[in-house]
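Here is the file final36.cif (mmCIF, C-alpha atoms).
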data_target
#
loop_
_atom_site.label_atom_id
_atom_site.label_comp_id
_atom_site.auth_asym_id
_atom_site.auth_seq_id
_atom_site.Cartn_x
_atom_site.Cartn_y
_atom_site.Cartn_z
CA MET A 21 0.00 0.00 0.00
CA GLU A 22 1.31 3.44 -0.91
CA LYS A 23 2.29 5.55 2.07
CA ILE A 24 0.17 8.64 2.71
CA GLU A 25 2.24 11.72 3.57
CA ILE A 26 0.12 12.92 6.49
CA PHE A 27 2.19 15.98 7.35
CA THR A 28 2.03 17.42 3.82
CA LEU A 29 -1.76 17.10 3.88
CA LEU A 30 -1.90 18.54 7.40
CA LEU A 31 0.18 21.55 6.30
CA ILE A 32 -2.14 22.14 3.34
CA GLY A 33 -5.17 21.87 5.65
CA VAL A 34 -3.80 24.36 8.19
CA THR A 35 -2.89 26.79 5.40
CA ALA A 36 -6.39 26.46 3.92
CA PHE A 37 -7.99 27.22 7.32
CA ILE A 38 -5.84 30.31 7.96
CA THR A 39 -6.20 31.53 4.36
CA ASN A 40 -9.98 31.25 4.63
CA LYS A 41 -10.03 33.19 7.89
CA GLY A 42 -7.79 35.87 6.37
CA LEU A 43 -9.99 36.24 3.29
CA LYS A 44 -13.09 36.60 5.47
CA GLU A 45 -11.60 38.87 8.14
CA PHE A 46 -9.57 41.86 6.95
CA ILE A 47 -8.36 42.69 10.47
CA PHE A 48 -7.01 39.16 10.95
CA GLN A 49 -5.15 39.26 7.63
CA ASP A 50 -3.78 42.72 8.35
CA LYS A 51 -2.53 41.54 11.75
CA PHE A 52 -0.46 38.65 10.36
CA LEU A 53 0.66 39.69 6.85
CA PHE A 54 4.30 40.49 6.06
CA ASN A 55 4.91 44.26 6.21
CA ILE A 56 8.21 46.13 6.23
CA ASP A 57 7.28 48.75 8.85
CA THR A 58 5.69 46.37 11.32
CA VAL A 59 8.65 43.98 11.12
CA LEU A 60 11.47 46.52 11.26
CA ILE A 61 9.94 49.18 13.49
CA ARG A 62 7.41 47.35 15.65
CA LYS A 63 9.55 44.18 15.77
CA GLU A 64 6.58 41.94 14.95
CA TYR A 65 8.80 39.13 13.68
CA ILE A 66 6.00 36.56 13.78
CA ARG A 67 4.74 38.08 10.51
CA ILE A 68 7.76 36.61 8.70
CA ILE A 69 6.22 33.19 9.36
CA SER A 70 2.49 33.88 9.69
CA SER A 71 2.30 35.60 6.27
CA GLY A 72 3.18 32.26 4.65
CA PHE A 73 -0.16 30.81 5.74
CA LEU A 74 -2.21 33.62 4.17
CA HIS A 75 -3.04 34.05 0.47
CA ALA A 76 -4.47 36.86 -1.63
CA ASN A 77 -7.15 34.63 -3.19
CA TRP A 78 -8.03 30.96 -3.74
CA LYS A 79 -6.23 30.82 -7.09
CA HIS A 80 -3.03 31.95 -5.36
CA PHE A 81 -3.62 29.31 -2.66
CA ALA A 82 -4.37 26.51 -5.14
CA PHE A 83 -1.22 27.09 -7.22
CA ASN A 84 1.03 26.96 -4.15
CA MET A 85 -0.66 24.00 -2.48
CA ILE A 86 -0.88 21.84 -5.61
CA THR A 87 2.85 22.38 -6.14
CA LEU A 88 3.48 21.59 -2.47
CA TYR A 89 1.50 18.36 -2.70
CA PHE A 90 3.30 16.98 -5.76
CA PHE A 91 6.81 17.83 -4.57
CA GLY A 92 6.22 17.73 -0.80
CA SER A 93 4.63 14.30 -0.57
CA ASN A 94 7.65 12.65 -2.24
CA LEU A 95 10.10 14.68 -0.16
CA GLU A 96 8.35 13.87 3.12
CA ASN A 97 8.36 10.19 2.22
CA TYR A 98 12.11 10.37 1.55
CA ILE A 99 13.42 12.39 4.54
CA GLY A 100 10.58 12.21 7.07
CA ALA A 101 8.05 14.73 8.42
CA PHE A 102 10.40 16.60 10.77
CA LEU A 103 13.12 17.36 8.20
CA PHE A 104 10.44 18.12 5.61
CA PHE A 105 8.88 20.75 7.88
CA LEU A 106 12.32 22.11 8.78
CA ILE A 107 13.04 22.77 5.09
CA TYR A 108 9.60 24.34 4.66
CA LEU A 109 10.04 26.66 7.65
CA ILE A 110 13.61 27.70 6.78
CA SER A 111 12.60 28.39 3.16
CA LEU A 112 9.61 30.48 4.30
CA ILE A 113 11.79 32.57 6.60
CA GLY A 114 14.61 32.85 4.05
CA GLY A 115 12.30 34.05 1.30
CA ASN A 116 10.78 36.75 3.47
CA LEU A 117 14.17 37.85 4.82
CA LEU A 118 15.44 38.41 1.27
CA ALA A 119 12.27 40.39 0.50
CA LEU A 120 12.81 42.33 3.75
CA TYR A 121 16.34 43.26 2.69
CA ILE A 122 15.44 44.23 -0.86
CA HIS A 123 12.40 46.29 0.22
CA ARG A 124 13.86 47.61 3.50
CA ASN A 125 13.33 51.21 2.32
CA HIS A 126 9.77 50.60 1.09
CA SER A 127 7.89 51.08 4.35
CA ASP A 128 4.44 50.28 2.92
CA TYR A 129 5.49 47.04 1.20
CA SER A 130 3.32 44.06 2.22
CA ALA A 131 3.23 40.43 1.07
CA ILE A 132 1.42 37.18 1.76
CA GLY A 133 1.69 33.62 0.46
CA ALA A 134 3.61 30.37 0.81
CA SER A 135 5.58 30.82 -2.43
CA GLY A 136 9.00 31.04 -0.75
CA ALA A 137 8.40 27.95 1.37
CA VAL A 138 7.04 25.95 -1.58
CA SER A 139 10.01 27.00 -3.74
CA GLY A 140 12.29 25.66 -1.02
CA ILE A 141 10.50 22.31 -1.08
CA VAL A 142 10.77 22.15 -4.87
CA PHE A 143 14.52 22.86 -4.87
CA ALA A 144 15.19 20.52 -1.95
CA ALA A 145 13.43 17.75 -3.88
CA ILE A 146 15.47 18.55 -7.00
CA GLY A 147 18.72 18.60 -5.02
CA LEU A 148 18.02 15.28 -3.31
CA SER A 149 17.00 13.51 -6.54
CA PRO A 150 19.86 13.56 -9.10
CA GLY A 151 17.84 11.87 -11.83
CA MET A 152 14.71 13.90 -11.32
CA SER A 153 12.92 15.34 -14.34
CA ILE A 154 10.26 18.06 -14.49
CA GLY A 155 7.11 17.94 -16.57
CA PHE A 156 4.13 20.23 -17.08
CA VAL A 157 0.60 19.28 -18.05
CA ILE A 158 0.66 21.54 -21.12
CA LEU A 159 3.91 20.01 -22.44
CA PRO A 160 4.16 16.50 -23.96
CA PHE A 161 7.69 15.95 -22.62
CA GLU A 162 9.85 16.27 -19.50
CA PHE A 163 13.26 17.92 -19.06
CA PRO A 164 16.12 17.46 -16.56
CA ALA A 165 15.72 19.01 -13.13
CA TRP A 166 19.05 20.85 -13.44
CA LEU A 167 17.75 22.70 -16.51
CA TYR A 168 14.66 23.76 -14.59
CA ALA A 169 16.83 24.88 -11.65
CA ILE A 170 19.12 27.14 -13.68
CA GLY A 171 16.18 28.60 -15.62
CA TYR A 172 14.27 29.29 -12.42
CA VAL A 173 17.21 31.01 -10.75
CA LEU A 174 18.06 33.19 -13.76
CA TYR A 175 14.42 34.14 -14.28
CA SER A 176 14.05 35.05 -10.60
CA ILE A 177 17.18 37.21 -10.70
CA TYR A 178 15.94 38.96 -13.83
CA GLY A 179 12.49 39.43 -12.29
CA ILE A 180 13.92 41.05 -9.15
CA THR A 181 16.02 43.52 -11.12
CA SER A 182 13.57 44.39 -13.89
CA LYS A 183 10.21 44.31 -12.05
CA LYS A 184 8.37 43.55 -15.27
CA ASP A 185 5.98 40.76 -14.31
CA ASN A 186 3.48 39.77 -11.63
CA ILE A 187 5.58 37.40 -9.49
CA GLY A 188 7.19 38.00 -6.09
CA HIS A 189 10.64 36.78 -7.16
CA GLU A 190 12.43 37.80 -3.95
CA ALA A 191 10.57 35.27 -1.81
CA HIS A 192 10.84 32.63 -4.53
CA LEU A 193 14.60 32.98 -4.92
CA GLY A 194 15.36 33.25 -1.20
CA GLY A 195 13.16 30.27 -0.38
CA ALA A 196 14.50 28.13 -3.22
CA ILE A 197 18.16 28.62 -2.33
CA LEU A 198 17.61 28.16 1.42
CA GLY A 199 15.67 24.97 0.69
CA LEU A 200 18.52 23.63 -1.43
CA ILE A 201 21.18 24.59 1.11
CA THR A 202 19.19 22.92 3.91
CA ALA A 203 18.92 19.77 1.81
CA ILE A 204 22.72 19.80 1.39
CA ILE A 205 23.19 20.11 5.16
CA ILE A 206 20.81 17.19 5.72
CA LYS A 207 22.49 14.98 3.12
CA PRO A 208 25.97 16.36 2.24
CA GLU A 209 26.62 13.50 -0.18
CA ILE A 210 24.34 15.09 -2.78
CA ILE A 211 27.11 17.61 -3.48
CA THR A 212 28.91 14.85 -5.38
CA THR A 213 25.92 12.87 -6.64
CA ASN A 214 24.03 15.94 -7.91
CA PHE A 215 26.86 18.44 -8.37
CA LEU A 216 25.67 19.95 -11.68
CA THR A 217 22.20 20.94 -10.44
CA ILE A 218 23.56 22.37 -7.19
CA ALA A 219 26.33 24.34 -8.90
CA LEU A 220 24.02 25.78 -11.56
CA ALA A 221 21.60 26.94 -8.86
CA LEU A 222 24.02 28.27 -6.26
CA ILE A 223 26.78 29.92 -8.31
CA PRO A 224 24.67 32.55 -10.16
CA THR A 225 22.62 33.15 -7.02
CA SER A 226 25.75 33.73 -4.92
CA ILE A 227 27.09 36.21 -7.47
CA PHE A 228 23.74 38.02 -7.58
CA LEU A 229 23.46 38.28 -3.79
CA PHE A 230 27.06 39.52 -3.53
CA LEU A 231 26.37 42.29 -6.06
CA LEU A 232 23.05 43.06 -4.37
CA ILE A 233 24.88 43.82 -1.13
CA ILE A 234 28.09 45.38 -2.47
CA LYS A 235 27.04 47.18 -5.67
CA PRO A 236 23.22 47.18 -5.95
CA HIS A 237 23.24 49.93 -8.62
CA LEU A 238 24.78 47.45 -11.10
CA LEU A 239 21.58 45.38 -10.95
CA LEU A 240 19.26 48.11 -12.21
CA LEU A 241 18.21 47.08 -15.70
CA ASN A 242 16.88 49.46 -18.31
CA ASP A 243 13.39 48.51 -19.34
CA PRO A 244 13.18 48.46 -23.18
CA PHE A 245 9.39 48.49 -22.93
CA LYS A 246 8.97 51.78 -21.06
CA ASN A 247 5.68 52.51 -22.80
CA ALA A 248 4.24 49.07 -22.09
CA PRO A 249 1.38 48.82 -19.61
CA LYS A 250 2.42 48.31 -15.98
CA TYR A 251 1.81 44.84 -14.62
CA VAL A 252 0.35 44.58 -11.15
CA THR A 253 1.76 41.95 -8.83
CA ILE A 254 -0.34 39.95 -6.38
CA ASP A 255 1.27 41.92 -3.57
CA ASP A 256 0.62 45.26 -5.35
CA GLU A 257 -3.03 44.32 -5.81
CA PHE A 258 -3.30 43.28 -2.17
CA ASN A 259 -1.75 46.55 -1.00
CA GLU A 260 -4.08 48.63 -3.17
CA ILE A 261 -7.14 46.82 -1.80
CA LYS A 262 -5.88 47.22 1.77
CA VAL A 263 -5.27 50.97 1.31
CA ALA A 264 -8.67 51.45 -0.34
CA LYS A 265 -10.45 49.70 2.54
CA GLN A 266 -8.57 51.74 5.13
CA GLU A 267 -9.43 54.99 3.34
CA GLU A 268 -13.09 53.97 3.26
CA ILE A 269 -13.04 53.19 7.00
CA ASP A 270 -11.33 56.53 7.73
CA LEU A 271 -14.00 58.47 5.84
CA ILE A 272 -16.82 56.79 7.77
CA LEU A 273 -15.01 57.29 11.10
CA ASP A 274 -14.47 60.97 10.29
CA LYS A 275 -18.18 61.35 9.70
CA ILE A 276 -18.94 59.63 13.02
CA ASN A 277 -16.50 61.96 14.77
CA GLN A 278 -18.09 65.06 13.24
CA LYS A 279 -21.79 64.14 13.23
CA GLY A 280 -22.17 61.04 15.38
CA TYR A 281 -22.93 57.41 14.57
CA ASN A 282 -26.70 57.95 14.28
CA ASN A 283 -26.18 60.30 11.32
CA LEU A 284 -24.70 57.51 9.22
CA SER A 285 -26.91 56.13 6.49
CA GLN A 286 -28.00 52.50 6.74
CA LYS A 287 -25.67 51.67 3.86
CA GLU A 288 -22.73 53.31 5.66
CA LYS A 289 -23.51 51.40 8.86
CA GLU A 290 -23.61 48.10 6.98
CA ARG A 291 -20.38 48.92 5.16
CA LEU A 292 -18.61 49.86 8.42
CA ASP A 293 -19.72 46.58 9.96
CA GLU A 294 -18.49 44.67 6.90
CA LEU A 295 -15.09 46.41 6.88
CA SER A 296 -14.68 45.95 10.62
CA LYS A 297 -14.86 42.18 10.19
#

Translate the structure of the given file into structure tokens.
Amino acid sequence: MEKIEIFTLLLIGVTAFITNKGLKEFIFQDKFLFNIDTVLIRKEYIRIISSGFLHANWKHFAFNMITLYFFGSNLENYIGAFLFFLIYLISLIGGNLLALYIHRNHSDYSAIGASGAVSGIVFAAIGLSPGMSIGFVILPFEFPAWLYAIGYVLYSIYGITSKKDNIGHEAHLGGAILGLITAIIIKPEIITTNFLTIALALIPTSIFLFLLIIKPHLLLLNDPFKNAPKYVTIDDEFNEIKVAKQEEIDLILDKINQKGYNNLSQKEKERLDELSK
């Protein structure tokens, strides 16, 4: 009988529960999302972890959790539940720490999602399986894991520097590399058995991170499509919705302060009650 990876399913279930609560209750989501100001100034470090259990919508949740199931179930079966969760947690923290460093001067930057943690699971699975190949439903063939790894890393680096698409590359890259490094610590022998994949993932990433710290201005790319429409990331969309809701609450509260609660229209009272939840 095929073994059921209980912890992977439990992790998906917990994430679904917290995501659902966050989507229903704005205050709850706002309390636990990843935000630069609240982490750096208020020292609310729990957000670095709690934000990984929230998602912007169910499509965002489904993409992350389906990926987690396919890669995580095999990884848990191979290394056990404890080490599996350790990789997941380290990747989640690592992805958000890289985002924290890159956006340290963007006080209003917020983010949610398990993308960094899931990327860590994917890269740990690739690192621990030398002969692994990657396939997609829309493609009639598979390709070597090392090719996927190098493409993923280079695309993430380009995405961070160019800001041209709708993906949070910082969390992806940080999570992926921390997941791979943790896998190496767990099983050092993969350095020799899967050297090509590991080298192709770590070498360009190490160079990028070195330049990011020492000479960040060298990473600013000129956008050849300056007149192209601006793409909105999941995090940008989330921030815009959050700001719009807060502005709406502020307007209603101002009216209460000036004229009293009883002077609100029925529609305004219902909207205040809805936003307060």

With only C-alpha atoms as the counted atoms, please give the residues lying no more than 10 Å from Ile201 (chain A), apart from itself and same-chain residues fewer than 5 positions off, as JSON, numbers by chain.
{"A": [107, 110, 111, 140, 143, 144, 147, 195, 196, 206, 207, 208, 218, 222]}

When the PyMOL selection byres ((chain A and resi 65) around 12) is applied to the structure above, which residues does it catch, written out as a ChimeraX atom specification?
/A:51-64,66-71,113,116-117,120

Resulting file, chosen residues, C-alpha atoms, as an mmCIF file, in the frame of the given file:
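Below is the file part-v7.cif, written as the result:
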data_model
loop_
_atom_site.group_PDB
_atom_site.id
_atom_site.type_symbol
_atom_site.label_atom_id
_atom_site.label_comp_id
_atom_site.auth_asym_id
_atom_site.auth_seq_id
_atom_site.Cartn_x
_atom_site.Cartn_y
_atom_site.Cartn_z
ATOM 1 C CA LYS A 51 -2.530 41.540 11.750
ATOM 2 C CA PHE A 52 -0.460 38.650 10.360
ATOM 3 C CA LEU A 53 0.660 39.690 6.850
ATOM 4 C CA PHE A 54 4.300 40.490 6.060
ATOM 5 C CA ASN A 55 4.910 44.260 6.210
ATOM 6 C CA ILE A 56 8.210 46.130 6.230
ATOM 7 C CA ASP A 57 7.280 48.750 8.850
ATOM 8 C CA THR A 58 5.690 46.370 11.320
ATOM 9 C CA VAL A 59 8.650 43.980 11.120
ATOM 10 C CA LEU A 60 11.470 46.520 11.260
ATOM 11 C CA ILE A 61 9.940 49.180 13.490
ATOM 12 C CA ARG A 62 7.410 47.350 15.650
ATOM 13 C CA LYS A 63 9.550 44.180 15.770
ATOM 14 C CA GLU A 64 6.580 41.940 14.950
ATOM 15 C CA ILE A 66 6.000 36.560 13.780
ATOM 16 C CA ARG A 67 4.740 38.080 10.510
ATOM 17 C CA ILE A 68 7.760 36.610 8.700
ATOM 18 C CA ILE A 69 6.220 33.190 9.360
ATOM 19 C CA SER A 70 2.490 33.880 9.690
ATOM 20 C CA SER A 71 2.300 35.600 6.270
ATOM 21 C CA ILE A 113 11.790 32.570 6.600
ATOM 22 C CA ASN A 116 10.780 36.750 3.470
ATOM 23 C CA LEU A 117 14.170 37.850 4.820
ATOM 24 C CA LEU A 120 12.810 42.330 3.750
#

Of the residues A:Leu148, A:Ile38, A:Ile177, A:Leu229, which is the one nearest to Leu95 (chain A), using only C-alpha atoms?
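Looking at the shortest contact to Leu95 (chain A), the residue is A:Leu148.
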
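Put simply, the PyMOL selection byres ((chain A and resi 269-280) around 10) on this file hits Val263, Ala264, Lys265, Gln266, Glu267, Glu268, Tyr281, Asn282, Asn283, Leu284, Glu288, Lys289, Arg291, Leu292, Asp293, Leu295 and Ser296 of chain A.
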
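Counting from CA of Glu190 (chain A), the distance to CA of Phe83 (chain A) is 17.7 Å.
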
Please provide the set of residues having any atom within 8 Å of Ser176 (chain A), restricted to all atoms listed in the file, with same-chain residues fewer than 2 positions apart removed, written as a ChimeraX atom specification.
/A:172-174,178-180,189-190,192-193

Hey, which of A:Thr213, A:Thr28, A:Gln286, A:Asn97 ends up closest to Pro150 (chain A)? Count all atoms listed in the file.
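Checking each of A:Thr213, A:Thr28, A:Gln286, A:Asn97 against Pro150 (chain A), counting all atoms listed in the file, the winner is A:Thr213.
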
Name the residues that the PyMOL selection byres ((chain A and resi 29) around 12) pulls out of this structure, and write them as a list in words.
Ile24, Glu25, Ile26, Phe27, Thr28, Leu30, Leu31, Ile32, Gly33, Val34, Thr35, Ala36, Met85, Ile86, Leu88, Tyr89, Phe90, Gly92, Ser93, Glu96, Ala101 and Phe105 of chain A

Between CA of Phe230 (chain A) and CA of Gly136 (chain A), what is the distance, to one decimal in Å?
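Between CA of Phe230 (chain A) and CA of Gly136 (chain A) the gap works out to 20.1 Å.
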
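Separating CA of Leu220 (chain A) from CA of Ala169 (chain A) is a distance of 7.2 Å.
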
In terms of the shortest atom-to-atom distance over all atoms listed in the file, which of A:Gly72, A:Pro164, A:Gly171, A:Gly199 is closest to Val142 (chain A)?
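The shortest atom-to-atom distance to Val142 (chain A) comes from A:Gly199.
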
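Minimum atom-to-atom distance to Val138 (chain A), evaluated using only C-alpha atoms, belongs to A:Thr87 out of A:Ser285, A:Thr87, A:Glu45, A:Leu216.
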
Which is closest to Thr217 (chain A) among A:Thr181, A:Asn77, A:Ser139, A:Ser153, if we use only C-alpha atoms?
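Comparing A:Thr181, A:Asn77, A:Ser139, A:Ser153 against Thr217 (chain A), the winner is A:Ser153.
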
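Distances from A:Ile223, A:Ala137, A:Ala203, A:Leu232 to Ile122 (chain A) were compared using only C-alpha atoms, and the smallest one belongs to A:Leu232.
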
List every protein, DNA or RNA residue that has at least one atom no more than 12 Å from (-10.8, 35.9, -5.8) in the file's coordinates, counting only C-alpha atoms, and write the result as a PDB file with C-alpha atoms, keeping the file's coordinate frame.
ATOM      1  CA  THR A  39      -6.200  31.530   4.360  1.00  0.00           C
ATOM      2  CA  ASN A  40      -9.980  31.250   4.630  1.00  0.00           C
ATOM      3  CA  LEU A  43      -9.990  36.240   3.290  1.00  0.00           C
ATOM      4  CA  LYS A  44     -13.090  36.600   5.470  1.00  0.00           C
ATOM      5  CA  HIS A  75      -3.040  34.050   0.470  1.00  0.00           C
ATOM      6  CA  ALA A  76      -4.470  36.860  -1.630  1.00  0.00           C
ATOM      7  CA  ASN A  77      -7.150  34.630  -3.190  1.00  0.00           C
ATOM      8  CA  TRP A  78      -8.030  30.960  -3.740  1.00  0.00           C
ATOM      9  CA  LYS A  79      -6.230  30.820  -7.090  1.00  0.00           C
ATOM     10  CA  HIS A  80      -3.030  31.950  -5.360  1.00  0.00           C
ATOM     11  CA  PHE A  81      -3.620  29.310  -2.660  1.00  0.00           C
ATOM     12  CA  ALA A  82      -4.370  26.510  -5.140  1.00  0.00           C
ATOM     13  CA  ILE A 254      -0.340  39.950  -6.380  1.00  0.00           C
ATOM     14  CA  GLU A 257      -3.030  44.320  -5.810  1.00  0.00           C
ATOM     15  CA  PHE A 258      -3.300  43.280  -2.170  1.00  0.00           C
TER      16      PHE A 258
END
